[in-house]
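What follows is the content of final.cif, which has mmCIF, C-alpha atoms and all ligand atoms; chains and numbers go by the auth columns:
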```cif
data_upload
loop_
_atom_site.group_PDB
_atom_site.id
_atom_site.type_symbol
_atom_site.label_atom_id
_atom_site.label_comp_id
_atom_site.label_asym_id
_atom_site.label_seq_id
_atom_site.Cartn_x
_atom_site.Cartn_y
_atom_site.Cartn_z
_atom_site.B_iso_or_equiv
_atom_site.auth_seq_id
_atom_site.auth_asym_id
ATOM 1 C CA MET A 1 -9.110 -1.090 25.869 0.00 18 L
ATOM 2 C CA SER A 2 -8.594 -0.488 22.151 0.00 19 L
ATOM 3 C CA ALA A 3 -11.189 -1.797 19.692 0.00 20 L
ATOM 4 C CA LEU A 4 -8.220 -3.246 17.801 0.00 21 L
ATOM 5 C CA ASP A 5 -7.104 -5.416 20.741 0.00 22 L
ATOM 6 C CA GLY A 6 -6.868 -9.030 19.541 0.00 23 L
ATOM 7 C CA LYS A 7 -7.843 -8.118 15.953 0.00 24 L
ATOM 8 C CA ARG A 8 -5.873 -9.618 13.080 0.00 25 L
ATOM 9 C CA ILE A 9 -4.664 -6.738 10.908 0.00 26 L
ATOM 10 C CA LEU A 10 -3.021 -7.312 7.565 0.00 27 L
ATOM 11 C CA VAL A 11 -0.828 -4.435 6.345 0.00 28 L
ATOM 12 C CA SER A 12 1.011 -4.156 3.024 0.00 29 L
ATOM 13 C CA ALA A 13 3.940 -1.750 2.825 0.00 30 L
ATOM 14 C CA GLY A 14 6.726 -0.559 0.581 0.00 31 L
ATOM 15 C CA PRO A 15 7.261 -0.722 -3.157 0.00 32 L
ATOM 16 C CA THR A 16 7.229 -3.652 -5.531 0.00 33 L
ATOM 17 C CA PHE A 17 10.100 -4.335 -7.922 0.00 34 L
ATOM 18 C CA GLU A 18 9.209 -5.690 -11.333 0.00 35 L
ATOM 19 C CA ASP A 19 12.199 -7.388 -12.906 0.00 36 L
ATOM 20 C CA ILE A 20 13.197 -6.579 -16.477 0.00 37 L
ATOM 21 C CA ASP A 21 16.302 -8.779 -16.559 0.00 38 L
ATOM 22 C CA PRO A 22 18.663 -10.208 -13.893 0.00 39 L
ATOM 23 C CA VAL A 23 20.088 -6.743 -13.073 0.00 40 L
ATOM 24 C CA ARG A 24 17.297 -4.228 -13.773 0.00 41 L
ATOM 25 C CA PHE A 25 13.820 -3.643 -12.476 0.00 42 L
ATOM 26 C CA ILE A 26 10.954 -1.125 -12.438 0.00 43 L
ATOM 27 C CA GLY A 27 10.419 0.211 -8.919 0.00 44 L
ATOM 28 C CA ASN A 28 9.180 3.301 -7.094 0.00 45 L
ATOM 29 C CA ARG A 29 10.117 5.604 -4.225 0.00 46 L
ATOM 30 C CA SER A 30 8.120 3.993 -1.411 0.00 47 L
ATOM 31 C CA SER A 31 10.307 3.478 1.678 0.00 48 L
ATOM 32 C CA GLY A 32 7.732 1.419 3.595 0.00 49 L
ATOM 33 C CA ARG A 33 7.766 3.919 6.495 0.00 50 L
ATOM 34 C CA MET A 34 4.017 4.678 6.407 0.00 51 L
ATOM 35 C CA GLY A 35 3.044 1.000 6.475 0.00 52 L
ATOM 36 C CA PHE A 36 5.595 0.086 9.145 0.00 53 L
ATOM 37 C CA ALA A 37 4.382 3.000 11.324 0.00 54 L
ATOM 38 C CA ILE A 38 0.804 1.677 11.005 0.00 55 L
ATOM 39 C CA ALA A 39 1.986 -1.838 11.911 0.00 56 L
ATOM 40 C CA GLU A 40 3.824 -0.543 15.012 0.00 57 L
ATOM 41 C CA ALA A 41 0.883 1.556 16.139 0.00 58 L
ATOM 42 C CA ALA A 42 -1.545 -1.356 15.657 0.00 59 L
ATOM 43 C CA ILE A 43 0.676 -3.727 17.678 0.00 60 L
ATOM 44 C CA ALA A 44 0.785 -1.135 20.486 0.00 61 L
ATOM 45 C CA ARG A 45 -3.046 -1.317 20.507 0.00 62 L
ATOM 46 C CA GLY A 46 -2.969 -5.086 20.974 0.00 63 L
ATOM 47 C CA ALA A 47 -3.537 -6.159 17.347 0.00 64 L
ATOM 48 C CA GLN A 48 -1.951 -9.235 15.769 0.00 65 L
ATOM 49 C CA VAL A 49 -0.224 -7.749 12.745 0.00 66 L
ATOM 50 C CA VAL A 50 0.802 -9.518 9.553 0.00 67 L
ATOM 51 C CA LEU A 51 3.078 -7.180 7.598 0.00 68 L
ATOM 52 C CA VAL A 52 3.604 -7.974 3.917 0.00 69 L
ATOM 53 C CA ALA A 53 6.629 -5.925 2.917 0.00 70 L
ATOM 54 C CA GLY A 54 8.091 -5.126 -0.465 0.00 71 L
ATOM 55 C CA PRO A 55 11.857 -4.534 -0.741 0.00 72 L
ATOM 56 C CA VAL A 56 12.560 -2.008 2.067 0.00 73 L
ATOM 57 C CA HIS A 57 15.401 -1.346 4.501 0.00 74 L
ATOM 58 C CA LEU A 58 13.434 -1.207 7.740 0.00 75 L
ATOM 59 C CA ALA A 59 13.578 -3.257 10.928 0.00 76 L
ATOM 60 C CA THR A 60 10.577 -5.468 11.611 0.00 77 L
ATOM 61 C CA PRO A 61 8.276 -3.928 14.235 0.00 78 L
ATOM 62 C CA THR A 62 8.509 -6.057 17.394 0.00 79 L
ATOM 63 C CA GLY A 63 5.637 -8.503 17.431 0.00 80 L
ATOM 64 C CA ALA A 64 4.778 -8.323 13.726 0.00 81 L
ATOM 65 C CA GLN A 65 4.665 -11.397 11.530 0.00 82 L
ATOM 66 C CA ARG A 66 6.593 -10.161 8.498 0.00 83 L
ATOM 67 C CA ILE A 67 6.386 -11.671 5.017 0.00 84 L
ATOM 68 C CA ASP A 68 8.934 -10.277 2.544 0.00 85 L
ATOM 69 C CA VAL A 69 8.069 -10.114 -1.146 0.00 86 L
ATOM 70 C CA ARG A 70 9.546 -8.471 -4.237 0.00 87 L
ATOM 71 C CA SER A 71 7.012 -8.259 -7.046 0.00 88 L
ATOM 72 C CA ALA A 72 3.358 -7.254 -7.313 0.00 89 L
ATOM 73 C CA ALA A 73 2.459 -10.882 -8.111 0.00 90 L
ATOM 74 C CA GLN A 74 4.269 -12.104 -4.964 0.00 91 L
ATOM 75 C CA MET A 75 2.582 -9.411 -2.861 0.00 92 L
ATOM 76 C CA HIS A 76 -0.801 -10.412 -4.289 0.00 93 L
ATOM 77 C CA ASP A 77 -0.232 -14.079 -3.351 0.00 94 L
ATOM 78 C CA ALA A 78 1.122 -13.230 0.126 0.00 95 L
ATOM 79 C CA VAL A 79 -1.761 -10.892 0.995 0.00 96 L
ATOM 80 C CA LEU A 80 -4.509 -13.181 -0.298 0.00 97 L
ATOM 81 C CA SER A 81 -2.903 -16.185 1.449 0.00 98 L
ATOM 82 C CA ALA A 82 -2.787 -14.274 4.755 0.00 99 L
ATOM 83 C CA LEU A 83 -6.599 -13.962 4.849 0.00 100 L
ATOM 84 C CA PRO A 84 -8.751 -14.206 6.898 0.00 101 L
ATOM 85 C CA ALA A 85 -8.121 -10.915 8.683 0.00 102 L
ATOM 86 C CA ASP A 86 -10.361 -8.429 10.455 0.00 103 L
ATOM 87 C CA ILE A 87 -8.831 -5.423 8.693 0.00 104 L
ATOM 88 C CA TYR A 88 -6.682 -4.950 5.580 0.00 105 L
ATOM 89 C CA ILE A 89 -4.668 -1.746 5.171 0.00 106 L
ATOM 90 C CA GLY A 90 -3.010 -1.436 1.761 0.00 107 L
ATOM 91 C CA THR A 91 -0.278 1.185 2.029 0.00 108 L
ATOM 92 C CA ALA A 92 2.016 -0.516 -0.482 0.00 109 L
ATOM 93 C CA ALA A 93 2.907 1.241 -3.712 0.00 110 L
ATOM 94 C CA VAL A 94 2.161 -1.705 -5.966 0.00 111 L
ATOM 95 C CA ALA A 95 3.267 -1.561 -9.593 0.00 112 L
ATOM 96 C CA ASP A 96 0.299 -1.209 -11.927 0.00 113 L
ATOM 97 C CA PHE A 97 2.275 -2.781 -14.786 0.00 114 L
ATOM 98 C CA THR A 98 4.979 -5.424 -15.021 0.00 115 L
ATOM 99 C CA PRO A 99 7.129 -6.594 -17.953 0.00 116 L
ATOM 100 C CA ARG A 100 5.368 -9.299 -19.979 0.00 117 L
ATOM 101 C CA ALA A 101 8.521 -11.428 -19.746 0.00 118 L
ATOM 102 C CA VAL A 102 11.731 -11.266 -17.697 0.00 119 L
ATOM 103 C CA ALA A 103 14.826 -11.589 -19.922 0.00 120 L
ATOM 104 C CA GLY A 104 17.017 -14.488 -18.840 0.00 121 L
ATOM 105 C CA HIS A 105 20.184 -12.477 -19.468 0.00 122 L
ATOM 106 C CA LYS A 106 21.228 -8.824 -19.171 0.00 123 L
ATOM 107 C CA LEU A 107 19.699 -6.847 -22.037 0.00 124 L
ATOM 108 C CA LYS A 108 22.489 -5.514 -24.265 0.00 125 L
ATOM 109 C CA LYS A 109 22.648 -2.374 -26.359 0.00 126 L
ATOM 110 C CA VAL A 110 22.319 -3.126 -30.049 0.00 127 L
ATOM 111 C CA PRO A 111 24.545 -1.007 -32.346 0.00 128 L
ATOM 112 C CA GLY A 112 22.418 1.407 -34.374 0.00 129 L
ATOM 113 C CA GLN A 113 19.326 0.891 -32.160 0.00 130 L
ATOM 114 C CA ASP A 114 18.452 4.018 -30.146 0.00 131 L
ATOM 115 C CA THR A 115 15.241 2.856 -28.526 0.00 132 L
ATOM 116 C CA LEU A 116 14.111 -0.135 -26.540 0.00 133 L
ATOM 117 C CA VAL A 117 10.458 -1.093 -26.331 0.00 134 L
ATOM 118 C CA LEU A 118 9.355 -2.925 -23.181 0.00 135 L
ATOM 119 C CA GLU A 119 5.951 -4.566 -23.234 0.00 136 L
ATOM 120 C CA LEU A 120 4.165 -4.184 -19.904 0.00 137 L
ATOM 121 C CA VAL A 121 1.045 -5.969 -18.727 0.00 138 L
ATOM 122 C CA LYS A 122 -1.363 -4.956 -15.954 0.00 139 L
ATOM 123 C CA THR A 123 -0.827 -6.469 -12.507 0.00 140 L
ATOM 124 C CA ALA A 124 -3.668 -7.949 -10.460 0.00 141 L
ATOM 125 C CA ASP A 125 -5.277 -5.392 -8.131 0.00 142 L
ATOM 126 C CA ILE A 126 -4.615 -6.671 -4.595 0.00 143 L
ATOM 127 C CA LEU A 127 -6.942 -4.197 -2.885 0.00 144 L
ATOM 128 C CA ALA A 128 -9.863 -4.933 -5.212 0.00 145 L
ATOM 129 C CA ASP A 129 -9.300 -8.692 -4.867 0.00 146 L
ATOM 130 C CA VAL A 130 -9.213 -8.463 -1.046 0.00 147 L
ATOM 131 C CA ALA A 131 -12.428 -6.397 -1.118 0.00 148 L
ATOM 132 C CA THR A 132 -14.245 -9.033 -3.188 0.00 149 L
ATOM 133 C CA ALA A 133 -12.676 -12.114 -1.549 0.00 150 L
ATOM 134 C CA THR A 134 -14.944 -14.708 0.086 0.00 151 L
ATOM 135 C CA GLN A 135 -12.993 -14.052 3.276 0.00 152 L
ATOM 136 C CA ARG A 136 -13.365 -10.263 2.945 0.00 153 L
ATOM 137 C CA PRO A 137 -12.042 -8.437 6.014 0.00 154 L
ATOM 138 C CA ARG A 138 -14.630 -6.409 7.921 0.00 155 L
ATOM 139 C CA LEU A 139 -12.800 -3.223 6.964 0.00 156 L
ATOM 140 C CA VAL A 140 -10.723 -2.752 3.805 0.00 157 L
ATOM 141 C CA VAL A 141 -8.628 0.431 3.749 0.00 158 L
ATOM 142 C CA GLY A 142 -6.708 1.641 0.713 0.00 159 L
ATOM 143 C CA PHE A 143 -4.295 4.449 0.010 0.00 160 L
ATOM 144 C CA ALA A 144 -4.176 6.673 -3.066 0.00 161 L
ATOM 145 C CA ALA A 145 -0.935 8.406 -3.965 0.00 162 L
ATOM 146 C CA GLU A 146 -1.781 11.317 -6.226 0.00 163 L
ATOM 147 C CA THR A 147 0.034 14.394 -7.526 0.00 164 L
ATOM 148 C CA ASN A 148 -3.119 16.271 -8.601 0.00 165 L
ATOM 149 C CA ASP A 149 -6.923 16.156 -8.220 0.00 166 L
ATOM 150 C CA VAL A 150 -6.172 14.108 -5.101 0.00 167 L
ATOM 151 C CA GLU A 151 -9.686 13.917 -3.663 0.00 168 L
ATOM 152 C CA THR A 152 -11.400 13.193 -6.993 0.00 169 L
ATOM 153 C CA TYR A 153 -9.065 10.307 -7.838 0.00 170 L
ATOM 154 C CA ALA A 154 -9.252 8.944 -4.287 0.00 171 L
ATOM 155 C CA ARG A 155 -13.071 8.939 -4.341 0.00 172 L
ATOM 156 C CA GLY A 156 -12.938 7.137 -7.692 0.00 173 L
ATOM 157 C CA LYS A 157 -10.717 4.418 -6.199 0.00 174 L
ATOM 158 C CA LEU A 158 -12.929 4.121 -3.099 0.00 175 L
ATOM 159 C CA ALA A 159 -15.878 3.276 -5.365 0.00 176 L
ATOM 160 C CA ALA A 160 -14.090 1.268 -8.075 0.00 177 L
ATOM 161 C CA LYS A 161 -12.228 -0.963 -5.631 0.00 178 L
ATOM 162 C CA ARG A 162 -15.301 -1.386 -3.363 0.00 179 L
ATOM 163 C CA ILE A 163 -13.353 -0.542 -0.237 0.00 180 L
ATOM 164 C CA ASP A 164 -14.529 1.042 3.002 0.00 181 L
ATOM 165 C CA MET A 165 -12.026 3.846 3.459 0.00 182 L
ATOM 166 C CA ILE A 166 -9.242 5.485 1.460 0.00 183 L
ATOM 167 C CA ALA A 167 -6.319 7.610 2.604 0.00 184 L
ATOM 168 C CA ALA A 168 -5.496 10.108 -0.112 0.00 185 L
ATOM 169 C CA ASN A 169 -1.819 10.939 0.008 0.00 186 L
ATOM 170 C CA ARG A 170 -0.582 13.966 -1.921 0.00 187 L
ATOM 171 C CA VAL A 171 2.813 13.068 -3.347 0.00 188 L
ATOM 172 C CA GLY A 172 5.449 14.930 -5.341 0.00 189 L
ATOM 173 C CA ILE A 173 5.855 17.734 -2.770 0.00 190 L
ATOM 174 C CA ALA A 174 8.455 18.027 -0.003 0.00 191 L
ATOM 175 C CA GLY A 175 7.622 16.808 3.523 0.00 192 L
ATOM 176 C CA CYS A 176 4.864 14.457 2.453 0.00 193 L
ATOM 177 C CA GLY A 177 4.366 11.007 0.941 0.00 194 L
ATOM 178 C CA PHE A 178 7.179 8.859 -0.411 0.00 195 L
ATOM 179 C CA GLU A 179 10.438 8.587 1.599 0.00 196 L
ATOM 180 C CA SER A 180 9.535 11.473 3.923 0.00 197 L
ATOM 181 C CA ASP A 181 9.414 11.128 7.757 0.00 198 L
ATOM 182 C CA ASP A 182 6.192 13.150 7.805 0.00 199 L
ATOM 183 C CA ASN A 183 2.897 12.826 6.009 0.00 200 L
ATOM 184 C CA THR A 184 -0.523 14.356 5.422 0.00 201 L
ATOM 185 C CA LEU A 185 -3.536 12.210 4.575 0.00 202 L
ATOM 186 C CA ASP A 186 -7.089 13.063 3.562 0.00 203 L
ATOM 187 C CA VAL A 187 -9.033 10.057 4.770 0.00 204 L
ATOM 188 C CA ILE A 188 -12.353 9.537 2.985 0.00 205 L
ATOM 189 C CA TRP A 189 -15.197 7.098 3.603 0.00 206 L
ATOM 190 C CA ALA A 190 -18.827 6.855 2.390 0.00 207 L
ATOM 191 C CA ASP A 191 -20.204 9.615 4.619 0.00 208 L
ATOM 192 C CA GLY A 192 -17.201 11.403 6.012 0.00 209 L
ATOM 193 C CA GLN A 193 -13.758 12.804 5.555 0.00 210 L
ATOM 194 C CA ARG A 194 -10.887 13.888 7.839 0.00 211 L
ATOM 195 C CA ARG A 195 -7.452 15.395 7.330 0.00 212 L
ATOM 196 C CA LEU A 196 -4.557 13.892 9.323 0.00 213 L
ATOM 197 C CA GLY A 197 -1.273 15.790 9.566 0.00 214 L
ATOM 198 C CA PRO A 198 1.075 17.229 8.634 0.00 215 L
ATOM 199 C CA GLU A 199 2.727 15.136 11.346 0.00 216 L
ATOM 200 C CA SER A 200 5.233 12.324 11.686 0.00 217 L
ATOM 201 C CA LYS A 201 4.118 9.098 10.016 0.00 218 L
ATOM 202 C CA ARG A 202 3.681 7.514 13.464 0.00 219 L
ATOM 203 C CA VAL A 203 1.301 10.288 14.583 0.00 220 L
ATOM 204 C CA VAL A 204 -0.591 10.069 11.275 0.00 221 L
ATOM 205 C CA ALA A 205 -0.767 6.267 11.739 0.00 222 L
ATOM 206 C CA GLU A 206 -2.346 6.757 15.187 0.00 223 L
ATOM 207 C CA GLY A 207 -4.925 9.125 13.668 0.00 224 L
ATOM 208 C CA LEU A 208 -5.770 6.596 10.965 0.00 225 L
ATOM 209 C CA LEU A 209 -6.191 3.817 13.549 0.00 226 L
ATOM 210 C CA ASP A 210 -8.472 6.093 15.614 0.00 227 L
ATOM 211 C CA LEU A 211 -10.690 6.495 12.528 0.00 228 L
ATOM 212 C CA ILE A 212 -10.582 2.739 11.866 0.00 229 L
ATOM 213 C CA GLU A 213 -11.622 2.071 15.478 0.00 230 L
ATOM 214 C CA GLU A 214 -14.574 4.464 15.023 0.00 231 L
ATOM 215 C CA ARG A 215 -15.656 2.698 11.789 0.00 232 L
ATOM 216 C CA ILE A 216 -15.285 -0.761 13.363 0.00 233 L
ATOM 217 C CA SER A 217 -17.477 0.180 16.317 0.00 234 L
ATOM 218 C CA ILE A 218 -20.175 1.625 14.015 0.00 235 L
ATOM 219 C CA ALA A 219 -20.135 -1.294 11.516 0.00 236 L
HETATM 220 O O1 LIG B . 6.389 4.049 1.880 0.00 1 T
HETATM 221 P P1 LIG B . 6.529 5.513 2.222 0.00 1 T
HETATM 222 O O2 LIG B . 7.823 6.095 1.683 0.00 1 T
HETATM 223 O O3 LIG B . 6.304 5.784 3.670 0.00 1 T
HETATM 224 O O4 LIG B . 5.381 6.305 1.427 0.00 1 T
HETATM 225 C C1 LIG B . 4.032 6.080 1.745 0.00 1 T
HETATM 226 C C2 LIG B . 3.147 6.020 0.481 0.00 1 T
HETATM 227 C C3 LIG B . 3.180 7.358 -0.214 0.00 1 T
HETATM 228 C C4 LIG B . 3.658 4.914 -0.470 0.00 1 T
HETATM 229 C C5 LIG B . 1.713 5.630 0.967 0.00 1 T
HETATM 230 O O5 LIG B . 1.246 6.562 1.891 0.00 1 T
HETATM 231 C C6 LIG B . 0.734 5.560 -0.203 0.00 1 T
HETATM 232 O O6 LIG B . 0.164 6.539 -0.648 0.00 1 T
HETATM 233 N N1 LIG B . 0.518 4.317 -0.707 0.00 1 T
HETATM 234 C C7 LIG B . -0.268 4.028 -1.918 0.00 1 T
HETATM 235 C C8 LIG B . 0.622 4.156 -3.095 0.00 1 T
HETATM 236 C C9 LIG B . -0.047 3.776 -4.386 0.00 1 T
HETATM 237 O O7 LIG B . 0.502 2.970 -5.131 0.00 1 T
HETATM 238 O O8 LIG B . -1.200 4.301 -4.631 0.00 1 T
HETATM 239 P P2 LIG B . -2.104 3.975 -5.914 0.00 1 T
HETATM 240 O O9 LIG B . -3.023 5.131 -6.006 0.00 1 T
HETATM 241 O O10 LIG B . -1.269 3.644 -7.117 0.00 1 T
HETATM 242 O O11 LIG B . -2.890 2.661 -5.488 0.00 1 T
HETATM 243 C C10 LIG B . -4.162 2.737 -4.868 0.00 1 T
HETATM 244 C C11 LIG B . -4.347 1.590 -3.911 0.00 1 T
HETATM 245 O O12 LIG B . -4.430 0.370 -4.649 0.00 1 T
HETATM 246 C C12 LIG B . -3.234 1.428 -2.879 0.00 1 T
HETATM 247 O O13 LIG B . -3.815 1.063 -1.653 0.00 1 T
HETATM 248 C C13 LIG B . -2.407 0.265 -3.451 0.00 1 T
HETATM 249 O O14 LIG B . -1.780 -0.503 -2.407 0.00 1 T
HETATM 250 C C14 LIG B . -3.485 -0.552 -4.159 0.00 1 T
HETATM 251 N N2 LIG B . -3.026 -1.351 -5.313 0.00 1 T
HETATM 252 C C15 LIG B . -2.557 -0.743 -6.446 0.00 1 T
HETATM 253 C C16 LIG B . -2.187 -1.522 -7.531 0.00 1 T
HETATM 254 C C17 LIG B . -2.298 -2.936 -7.425 0.00 1 T
HETATM 255 N N3 LIG B . -1.923 -3.726 -8.431 0.00 1 T
HETATM 256 N N4 LIG B . -2.765 -3.498 -6.306 0.00 1 T
HETATM 257 C C18 LIG B . -3.137 -2.734 -5.246 0.00 1 T
HETATM 258 O O15 LIG B . -3.570 -3.262 -4.205 0.00 1 T
#
```
Would you mind writing the file out in structure tokens?
Amino acid sequence: MSALDGKRILVSAGPTFEDIDPVRFIGNRSSGRMGFAIAEAAIARGAQVVLVAGPVHLATPTGAQRIDVRSAAQMHDAVLSALPADIYIGTAAVADFTPRAVAGHKLKKVPGQDTLVLELVKTADILADVATATQRPRLVVGFAAETNDVETYARGKLAAKRIDMIAANRVGIAGCGFESDDNTLDVIWADGQRRLGPESKRVVAEGLLDLIEERISIA
């Protein structure tokens, strides 16, 4: 029997869209595939999965409780409200900044004005807030999408966000990361590290859950 059987696993997936006005937003390239693959694999191991999804075009994995959100603020509320959970896996590509205000009407070009300045404010860090919540899950797993110095930045996030494990995901190259069917992760925890892939996101998801099962049985 899997160590995840009967566990409540909270997964965030996909991008967030930060509205600028009624027709424009700031988004990113996350398709949600990595998070949905993790949700599917966890359900197959008997877990009860709550899947908080940003705006993606993917079918809900059979058996998942799906909560759809759009913005980083909505994802923050949905994830924190879904606690308690045994494990949180934050695969979502959450916007770090959002417009200070959403214009009530479509922003228009102004004759003679060649630039537009948007004021952005920091979003709340979902992963860090889950890791310091009163109802902290037993295992908090983050992702780190990086184009360079992948391991260094990932280790920094592991410490700064006080999480138990981080999956460093090299992005910006073909066959890996955003939108791709395949992925490669360097999974790092306090006293270990393992590379998963290159493989399909489902196979990589299984590898990540194997590592999570190992950590759960040690903790
Ligand atoms: O969706 P796919 O197309 O399948 O692509 C998968 C993926 C590349 C999006 C995924 O594997 C991945 O790397 N996800 C993390 C993307 C990201 O935004 O990384 P980050 O380094 O900016 O954030 C670090 C961690 O903090 C992440 O776990 C993120 O969910 C979390 N975070 C970030 C900002 C914020 N306000 N709240 C957060 O919880």
Pick the closest to Asn186 (chain L) from L:Pro39, L:Gly44, L:Pro215, L:Gly23: which is it, counting all atoms listed in the file?
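Closest candidate: L:Pro215.
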Can you give me, as an NGL selection string, the residues this file yields under the PyMOL selection byres (((chain L and resi 212) around 10) and not hetatm)?
:L and (184-185 or 201-205 or 210-211 or 213-215 or 221 or 224-225)
Straight-line distance linking CA of Asp142 (chain L) with CA of Asp38 (chain L), stated in Å to one decimal:
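We find that CA of Asp142 (chain L) and CA of Asp38 (chain L) lie 23.4 Å from each other.
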Name each residue within 8 Å of ligand LIG 1 (chain T), counting all atoms listed in the file, as a PDB file with C-alpha atoms, in the coordinates of the input.
```pdb
ATOM      1  CA  SER L  29       1.011  -4.156   3.024  1.00  0.00           C
ATOM      2  CA  ALA L  30       3.940  -1.750   2.825  1.00  0.00           C
ATOM      3  CA  GLY L  31       6.726  -0.559   0.581  1.00  0.00           C
ATOM      4  CA  PRO L  32       7.261  -0.722  -3.157  1.00  0.00           C
ATOM      5  CA  ARG L  46      10.117   5.604  -4.225  1.00  0.00           C
ATOM      6  CA  SER L  47       8.120   3.993  -1.411  1.00  0.00           C
ATOM      7  CA  SER L  48      10.307   3.478   1.678  1.00  0.00           C
ATOM      8  CA  GLY L  49       7.732   1.419   3.595  1.00  0.00           C
ATOM      9  CA  ARG L  50       7.766   3.919   6.495  1.00  0.00           C
ATOM     10  CA  MET L  51       4.017   4.678   6.407  1.00  0.00           C
ATOM     11  CA  GLY L  52       3.044   1.000   6.475  1.00  0.00           C
ATOM     12  CA  PHE L  53       5.595   0.086   9.145  1.00  0.00           C
ATOM     13  CA  ALA L  89       3.358  -7.254  -7.313  1.00  0.00           C
ATOM     14  CA  HIS L  93      -0.801 -10.412  -4.289  1.00  0.00           C
ATOM     15  CA  ILE L 106      -4.668  -1.746   5.171  1.00  0.00           C
ATOM     16  CA  GLY L 107      -3.010  -1.436   1.761  1.00  0.00           C
ATOM     17  CA  THR L 108      -0.278   1.185   2.029  1.00  0.00           C
ATOM     18  CA  ALA L 109       2.016  -0.516  -0.482  1.00  0.00           C
ATOM     19  CA  ALA L 110       2.907   1.241  -3.712  1.00  0.00           C
ATOM     20  CA  VAL L 111       2.161  -1.705  -5.966  1.00  0.00           C
ATOM     21  CA  ALA L 112       3.267  -1.561  -9.593  1.00  0.00           C
ATOM     22  CA  ASP L 113       0.299  -1.209 -11.927  1.00  0.00           C
ATOM     23  CA  PHE L 114       2.275  -2.781 -14.786  1.00  0.00           C
ATOM     24  CA  LYS L 139      -1.363  -4.956 -15.954  1.00  0.00           C
ATOM     25  CA  THR L 140      -0.827  -6.469 -12.507  1.00  0.00           C
ATOM     26  CA  ALA L 141      -3.668  -7.949 -10.460  1.00  0.00           C
ATOM     27  CA  ASP L 142      -5.277  -5.392  -8.131  1.00  0.00           C
ATOM     28  CA  ILE L 143      -4.615  -6.671  -4.595  1.00  0.00           C
ATOM     29  CA  LEU L 144      -6.942  -4.197  -2.885  1.00  0.00           C
ATOM     30  CA  ALA L 145      -9.863  -4.933  -5.212  1.00  0.00           C
ATOM     31  CA  ASP L 146      -9.300  -8.692  -4.867  1.00  0.00           C
ATOM     32  CA  VAL L 158      -8.628   0.431   3.749  1.00  0.00           C
ATOM     33  CA  GLY L 159      -6.708   1.641   0.713  1.00  0.00           C
ATOM     34  CA  PHE L 160      -4.295   4.449   0.010  1.00  0.00           C
ATOM     35  CA  ALA L 161      -4.176   6.673  -3.066  1.00  0.00           C
ATOM     36  CA  ALA L 162      -0.935   8.406  -3.965  1.00  0.00           C
ATOM     37  CA  GLU L 163      -1.781  11.317  -6.226  1.00  0.00           C
ATOM     38  CA  ALA L 171      -9.252   8.944  -4.287  1.00  0.00           C
ATOM     39  CA  LYS L 174     -10.717   4.418  -6.199  1.00  0.00           C
ATOM     40  CA  LYS L 178     -12.228  -0.963  -5.631  1.00  0.00           C
ATOM     41  CA  ILE L 183      -9.242   5.485   1.460  1.00  0.00           C
ATOM     42  CA  ALA L 184      -6.319   7.610   2.604  1.00  0.00           C
ATOM     43  CA  ALA L 185      -5.496  10.108  -0.112  1.00  0.00           C
ATOM     44  CA  ASN L 186      -1.819  10.939   0.008  1.00  0.00           C
ATOM     45  CA  ARG L 187      -0.582  13.966  -1.921  1.00  0.00           C
ATOM     46  CA  VAL L 188       2.813  13.068  -3.347  1.00  0.00           C
ATOM     47  CA  CYS L 193       4.864  14.457   2.453  1.00  0.00           C
ATOM     48  CA  GLY L 194       4.366  11.007   0.941  1.00  0.00           C
ATOM     49  CA  PHE L 195       7.179   8.859  -0.411  1.00  0.00           C
ATOM     50  CA  GLU L 196      10.438   8.587   1.599  1.00  0.00           C
ATOM     51  CA  SER L 197       9.535  11.473   3.923  1.00  0.00           C
ATOM     52  CA  ASP L 198       9.414  11.128   7.757  1.00  0.00           C
ATOM     53  CA  ASN L 200       2.897  12.826   6.009  1.00  0.00           C
ATOM     54  CA  LEU L 202      -3.536  12.210   4.575  1.00  0.00           C
ATOM     55  CA  LYS L 218       4.118   9.098  10.016  1.00  0.00           C
TER      56      LYS L 218
END
```
With distances taken over only C-alpha atoms, which residue among L:Ile37, L:Ile190, L:Leu68, L:Val138 lies nearest Gly121 (chain L)?
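Nearest candidate to Gly121 (chain L) out of L:Ile37, L:Ile190, L:Leu68, L:Val138: L:Ile37.
One distance worth recording is that between CA of Leu100 (chain L) and CA of Gln152 (chain L), which is 6.6 Å.
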Could you check which of L:Arg62, L:Pro101, L:Thr115, L:Pro78 is closest to Thr33 (chain L), using all atoms listed in the file?
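Nearest candidate to Thr33 (chain L) out of L:Arg62, L:Pro101, L:Thr115, L:Pro78: L:Thr115.
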Closest of L:Leu124, L:Ala102, L:Val69, L:Leu133 to Val157 (chain L) - atom-to-atom distances counting only C-alpha atoms:
L:Ala102
Using the chain letters and numbers from the file, which residues does the PyMOL selection byres (((chain L and resi 154) around 6) and not hetatm) grab, as a short mmCIF file (atom, residue, chain, number, x, y, z; two decimals) with C-alpha atoms, keeping the file's coordinate frame?
```cif
data_model
loop_
_atom_site.label_atom_id
_atom_site.label_comp_id
_atom_site.auth_asym_id
_atom_site.auth_seq_id
_atom_site.Cartn_x
_atom_site.Cartn_y
_atom_site.Cartn_z
CA ALA L 102 -8.12 -10.92 8.68
CA ASP L 103 -10.36 -8.43 10.46
CA ILE L 104 -8.83 -5.42 8.69
CA ARG L 153 -13.36 -10.26 2.94
CA ARG L 155 -14.63 -6.41 7.92
CA LEU L 156 -12.80 -3.22 6.96
#
```
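Candidate residues L:Ala54, L:Ala20, L:Val86, L:Ala191 were compared for distance to Ile235 (chain L), and the nearest is L:Ala20, using only C-alpha atoms.
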I'd like the interatomic distance between CA of Ala148 (chain L) and CA of Arg232 (chain L), to a tenth of an Å.
16.1 Å
Which residue out of L:Ala58, L:Val73, L:Leu97, L:Ala118 has the minimum interatomic distance to Glu35 (chain L) when all atoms listed in the file are used?
L:Ala118
